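Undergrad: I'm passing along my_file32.txt; it holds compact mmCIF, C-alpha atoms.
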```txt
# COMPACT_ATOMS: atom_id res chain seq x y z
CA MET A 1 145.21 -20.05 -9.34
CA LEU A 2 146.96 -20.15 -12.70
CA PRO A 3 150.47 -20.82 -11.33
CA ILE A 4 149.04 -23.75 -9.35
CA VAL A 5 147.21 -25.11 -12.40
CA GLN A 6 150.39 -24.78 -14.48
CA ARG A 7 152.42 -26.63 -11.85
CA TYR A 8 149.76 -29.34 -11.68
CA MET A 9 149.81 -29.77 -15.47
CA ARG A 10 153.61 -30.12 -15.42
CA LEU A 11 153.44 -32.74 -12.67
CA TRP A 12 150.52 -34.64 -14.23
CA PRO A 13 150.73 -34.12 -18.02
CA ALA A 14 148.36 -37.02 -18.77
CA VAL A 15 145.47 -35.36 -16.90
CA GLU A 16 143.14 -33.29 -19.07
CA VAL A 17 142.32 -29.99 -17.36
CA ASN A 18 139.17 -27.99 -18.06
CA ILE A 19 139.16 -24.78 -16.00
CA SER A 20 136.43 -22.19 -15.54
CA PHE A 21 136.59 -18.90 -13.63
CA ASN A 22 133.34 -17.27 -12.50
CA ASP A 23 131.79 -15.63 -9.46
CA ARG A 24 128.70 -17.82 -9.14
CA TYR A 25 128.12 -21.07 -7.34
CA VAL A 26 127.98 -24.03 -9.71
CA ASP A 27 126.41 -27.40 -8.91
CA LEU A 28 129.52 -29.58 -9.02
CA ILE A 29 127.70 -32.88 -9.27
CA GLU A 30 125.29 -31.75 -11.99
CA GLY A 31 128.13 -30.08 -13.88
CA GLY A 32 130.47 -33.08 -13.61
CA ILE A 33 133.07 -30.89 -11.91
CA ASP A 34 135.79 -32.62 -9.90
CA VAL A 35 136.91 -29.72 -7.70
CA ALA A 36 136.16 -26.03 -7.09
CA VAL A 37 137.68 -23.23 -5.05
CA ARG A 38 135.07 -21.13 -3.30
CA VAL A 39 134.94 -18.16 -0.98
CA GLY A 40 133.01 -18.96 2.16
CA GLY A 41 131.10 -21.92 3.41
CA MET A 42 128.70 -24.14 1.62
CA SER A 43 125.51 -25.86 2.60
CA ASP A 44 125.51 -28.86 0.24
CA SER A 45 125.81 -32.08 2.23
CA ASN A 46 126.97 -33.91 -0.94
CA LEU A 47 130.23 -31.94 -0.91
CA VAL A 48 133.41 -31.99 1.12
CA SER A 49 134.78 -28.54 1.99
CA ARG A 50 138.34 -27.96 3.16
CA LYS A 51 139.57 -24.50 4.17
CA VAL A 52 142.80 -23.67 2.37
CA ALA A 53 143.45 -19.96 2.96
CA PRO A 54 142.19 -16.86 4.76
CA HIS A 55 141.72 -13.48 3.15
CA THR A 56 141.13 -9.94 4.28
CA LEU A 57 138.67 -7.50 2.79
CA VAL A 58 140.44 -4.26 1.87
CA THR A 59 138.51 -1.05 1.35
CA CYS A 60 140.49 0.79 -1.29
CA ALA A 61 140.51 3.34 -4.09
CA SER A 62 142.88 4.67 -6.71
CA PRO A 63 145.18 7.56 -5.85
CA ASP A 64 143.36 9.59 -8.53
CA TYR A 65 139.95 9.06 -6.93
CA LEU A 66 141.27 9.97 -3.48
CA ALA A 67 142.96 13.12 -4.86
CA ARG A 68 139.64 14.21 -6.43
CA ARG A 69 137.22 13.22 -3.68
CA GLY A 70 139.27 13.00 -0.49
CA THR A 71 139.93 10.05 1.79
CA PRO A 72 137.18 8.84 4.14
CA SER A 73 138.38 8.80 7.74
CA THR A 74 135.42 6.89 9.20
CA VAL A 75 133.14 4.14 7.99
CA ASP A 76 130.23 6.61 8.08
CA ASP A 77 132.12 8.90 5.62
CA LEU A 78 131.50 6.29 2.90
CA ALA A 79 127.95 7.66 2.55
CA ASN A 80 129.51 10.68 0.78
CA HIS A 81 131.53 8.62 -1.71
CA ASP A 82 131.00 6.57 -4.85
CA CYS A 83 131.11 3.01 -3.54
CA LEU A 84 131.38 0.34 -6.23
CA THR A 85 129.90 -2.93 -5.08
CA PHE A 86 130.02 -6.63 -5.82
CA SER A 87 126.64 -8.26 -6.42
CA HIS A 88 125.86 -11.85 -5.49
CA GLY A 89 122.47 -13.47 -5.88
CA GLY A 90 121.04 -10.32 -7.43
CA ARG A 91 121.88 -8.08 -4.45
CA PRO A 92 124.86 -5.89 -3.63
CA VAL A 93 127.00 -7.49 -0.94
CA GLU A 94 127.20 -5.47 2.28
CA TRP A 95 130.66 -4.26 3.24
CA ARG A 96 132.22 -5.66 6.40
CA PHE A 97 134.23 -3.74 8.95
CA ARG A 98 135.48 -4.03 12.50
CA VAL A 99 134.46 -0.98 14.52
CA ALA A 100 135.28 -0.81 18.23
CA ASP A 101 136.30 -4.48 18.07
CA ALA A 102 132.86 -5.52 16.87
CA PRO A 103 131.82 -6.65 13.38
CA ARG A 104 129.74 -4.13 11.44
CA LYS A 105 128.03 -4.58 8.08
CA VAL A 106 127.37 -1.48 6.00
CA SER A 107 125.12 -1.08 2.97
CA VAL A 108 126.81 1.27 0.52
CA GLY A 109 125.80 2.60 -2.85
CA GLY A 110 127.25 4.16 -5.91
CA PRO A 111 127.23 4.30 -9.67
CA LEU A 112 128.15 0.66 -10.33
CA THR A 113 127.45 -2.87 -9.14
CA SER A 114 129.24 -5.84 -10.72
CA THR A 115 128.81 -9.61 -10.61
CA ASN A 116 132.51 -10.03 -11.49
CA ALA A 117 135.04 -9.24 -8.77
CA GLU A 118 138.04 -8.96 -11.12
CA GLY A 119 136.18 -6.49 -13.32
CA LEU A 120 135.22 -4.52 -10.23
CA CYS A 121 138.88 -4.39 -9.21
CA ASP A 122 139.79 -2.88 -12.60
CA ILE A 123 137.03 -0.26 -12.36
CA VAL A 124 138.10 0.77 -8.84
CA ALA A 125 141.75 1.00 -10.00
CA ALA A 126 140.59 3.19 -12.93
CA GLY A 127 139.39 5.80 -10.42
CA PHE A 128 135.61 5.46 -10.56
CA GLY A 129 135.09 4.95 -6.84
CA ILE A 130 135.87 3.04 -3.68
CA GLY A 131 135.64 -0.74 -3.49
CA GLN A 132 135.91 -3.40 -0.85
CA LEU A 133 137.89 -6.21 -2.42
CA ALA A 134 139.60 -9.42 -1.38
CA THR A 135 143.34 -9.36 -0.84
CA PHE A 136 143.79 -12.30 -3.22
CA LEU A 137 142.44 -10.12 -6.05
CA ILE A 138 144.23 -6.86 -5.33
CA ALA A 139 147.59 -7.74 -3.77
CA ASP A 140 149.54 -6.72 -6.90
CA ALA A 141 147.55 -3.47 -7.30
CA LEU A 142 148.26 -2.59 -3.66
CA ARG A 143 151.96 -3.37 -4.04
CA ASP A 144 152.40 -1.25 -7.16
CA GLY A 145 150.26 1.65 -5.90
CA ARG A 146 147.34 1.40 -8.34
CA LEU A 147 145.13 0.93 -5.28
CA VAL A 148 145.49 2.53 -1.86
CA PRO A 149 143.96 0.95 1.25
CA ILE A 150 141.65 3.17 3.29
CA LEU A 151 140.01 2.59 6.67
CA ALA A 152 142.69 -0.04 7.30
CA SER A 153 142.14 0.02 11.06
CA HIS A 154 138.61 -1.25 10.39
CA ALA A 155 139.55 -4.06 7.95
CA ALA A 156 137.56 -7.26 8.40
CA GLU A 157 138.35 -10.84 7.57
CA GLY A 158 136.49 -12.27 4.62
CA GLU A 159 135.15 -15.78 4.45
CA PRO A 160 138.01 -18.27 4.07
CA LEU A 161 138.82 -19.80 0.70
CA SER A 162 137.87 -23.45 0.54
CA VAL A 163 138.47 -26.27 -1.88
CA VAL A 164 135.24 -28.16 -2.49
CA TYR A 165 134.62 -31.54 -4.13
CA PRO A 166 131.82 -34.14 -4.28
CA ILE A 167 131.73 -36.83 -1.59
CA ARG A 168 133.00 -40.12 -2.98
CA ARG A 169 134.12 -43.32 -1.32
CA LEU A 170 137.38 -43.13 -3.25
CA LEU A 171 138.60 -39.71 -4.26
CA PRO A 172 140.21 -39.84 -7.71
CA PRO A 173 144.01 -39.44 -7.52
CA LYS A 174 143.85 -36.45 -9.90
CA VAL A 175 141.62 -34.60 -7.38
CA THR A 176 143.77 -35.60 -4.40
CA ALA A 177 146.90 -34.40 -6.21
CA PHE A 178 145.31 -31.03 -7.05
CA VAL A 179 143.94 -30.47 -3.53
CA ASP A 180 147.32 -31.36 -2.00
CA LEU A 181 149.19 -29.03 -4.37
CA LEU A 182 146.76 -26.16 -3.74
CA THR A 183 146.94 -26.62 0.03
CA ALA A 184 150.75 -26.73 0.01
CA SER A 185 150.88 -23.60 -2.17
CA TRP A 186 148.53 -21.53 0.02
CA GLN A 187 149.56 -22.64 3.50
CA PRO A 188 150.69 -21.64 6.02
CA ARG A 189 150.50 -18.16 4.47
CA PRO A 190 148.88 -17.51 1.07
CA PRO A 191 150.96 -15.81 -1.63
CA TRP A 192 148.83 -12.64 -1.64
CA ASP A 193 149.79 -12.02 1.99
CA ARG A 194 153.52 -12.63 1.51
```
How does the structure come out when it is put into structure tokens?
TA:
Amino acid sequence: MLPIVQRYMRLWPAVEVNISFNDRYVDLIEGGIDVAVRVGGMSDSNLVSRKVAPHTLVTCASPDYLARRGTPSTVDDLANHDCLTFSHGGRPVEWRFRVADAPRKVSVGGPLTSTNAEGLCDIVAAGFGIGQLATFLIADALRDGRLVPILASHAAEGEPLSVVYPIRRLLPPKVTAFVDLLTASWQPRPPWDR
């Protein structure tokens, strides 16, 4: 996101940007927010949602963790590992896999649950367990070897990333410019998959 925001600010220096990063859904209208990027769909009929990029969920761990505990070879092997989970709405999010060409959700457990996906990425990379994380968060850690993908043949697609904004008769030019820049930057293939 930050490279896109920086490019936007260079192109439109008169626009004042107030940016917030968090893992919870915010009421855009109540908060006076012009535009948000969200993972997954949304049910608010007062908002426009436009898909801008796909992402894959990667089950991964640090090389140190795998050296100590071994590498699971099946989804069921996760029951014998420390699985570090993301929590949304007060509950750990089930992990998604594709097994025998069918989707499968698995409840996993371990010593830590986090409401912040970036923090969870850091804890997994530090060797405390296995995580299932979005490619847009961990692409650099996979490239440089801090994280190693496991169960790759069972990887599942995550919910697409969408840009979301309130319905208005006339969309402000600052919002249109940001949405267009974001879309052009993440399509046809997002940078984390390049």
Undergrad: Please identify all polymer residues lying at most 12 Å from the point (134.2, -4.0, -12.6) (file coordinates), using all atoms listed in the file, and present the result as a count of residues only.
TA: 28
Undergrad: Could you list, with a cut-off of 12 Å and counting all atoms listed in the file, the residues of segment 138-177 of chain A near segment 188-191 of chain A, each shown with its nearest atom pair and the distance in Å rounded to one decimal, rows sorted by chain and ascending number, as a Markdown table?
TA:
```
| residue | atom | partner | partner_atom | distance |
| --- | --- | --- | --- | --- |
| A:Ile138 | CA | A:Pro191 | CA | 11.8 |
| A:Ala139 | CA | A:Pro191 | CA | 9.0 |
| A:Asp140 | CA | A:Pro191 | CA | 10.6 |
| A:Pro160 | CA | A:Pro190 | CA | 11.3 |
| A:Leu161 | CA | A:Pro190 | CA | 10.3 |
```
Undergrad: To one decimal in Å, tell me the separation between atom CA of Val5 of chain A and atom CA of Tyr25 of chain A.
TA: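 Separating atom CA of Val5 of chain A from atom CA of Tyr25 of chain A is a distance of 20.2 Å.
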Undergrad: List the spatial neighbours of segment 13-17 of chain A as a list in words - criterion: any atom at most 12 Å away, only C-alpha atoms, same-chain residues fewer than 2 positions off excluded.
TA: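 Listing them by chain and then by number gives Leu2, Val5, Gln6, Arg7, Tyr8, Met9, Arg10, Leu11, Ile19, Ser20, Ile33, Asp34, Val35, Pro172, Pro173, Lys174, Val175, Ala177 and Phe178 of chain A.
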Undergrad: Write out as a VMD selection string each polymer residue whose atoms come within 9 Å of Val106 of chain A, counting all atoms listed in the file; drop sequence neighbours fewer than 6 positions from it.
TA: chain A and resid 75 to 76 94 to 97
Undergrad: Hey, could you make a per-residue contact list for segment 9-41 of chain A against segment 51-64 of chain A with 10 Å as the cut-off, showing the nearest pair of atoms and its distance in Å to one decimal, counting all atoms listed in the file, sorted by chain and number, as a tab-separated table?
TA:
```
residue	atom	partner	partner_atom	distance
A:Val37	CA	A:Val52	CA	9.0
A:Arg38	CA	A:Lys51	CA	9.3
A:Val39	CA	A:His55	CA	9.2
A:Gly40	CA	A:Lys51	CA	8.8
A:Gly41	CA	A:Lys51	CA	8.9
```
Undergrad: Which residue, A:Ile29, A:Ala100, A:Val48, A:Ile4, has the smallest gap to Tyr165 of chain A when you use only C-alpha atoms?
TA: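 Among the listed residues, the smallest separation from Tyr165 of chain A belongs to A:Val48.
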Undergrad: What is the distance between atom CA of Gly32 of chain A and atom CA of Ser162 of chain A, in Å to one decimal?
TA: 18.6 Å
Undergrad: What is the atom CA of Glu30 of chain A-atom CA of Arg169 of chain A distance in Å, reported with one decimal?
TA: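 Separating atom CA of Glu30 of chain A from atom CA of Arg169 of chain A is a distance of 18.0 Å.
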Undergrad: Using all atoms listed in the file, which residue out of A:Pro149, A:Gly158, A:Gly31, A:Gly70 lies closest to Val93 of chain A?
TA: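 The shortest atom-to-atom distance to Val93 of chain A comes from A:Gly158.
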Undergrad: Out of A:Ile167, A:Leu182, A:Leu137, A:Ala67, which residue has the shortest atom-to-atom distance to Asn46 of chain A when counting all atoms listed in the file?
TA: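 Among the listed residues, A:Ile167 lies closest to Asn46 of chain A.
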Undergrad: Using only C-alpha atoms, which of the listed residues (A:Gly89, A:Arg98, A:Asp44, A:Arg50) sits closest to Asp180 of chain A?
TA: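 Distance minimum relative to Asp180 of chain A lands on A:Arg50.
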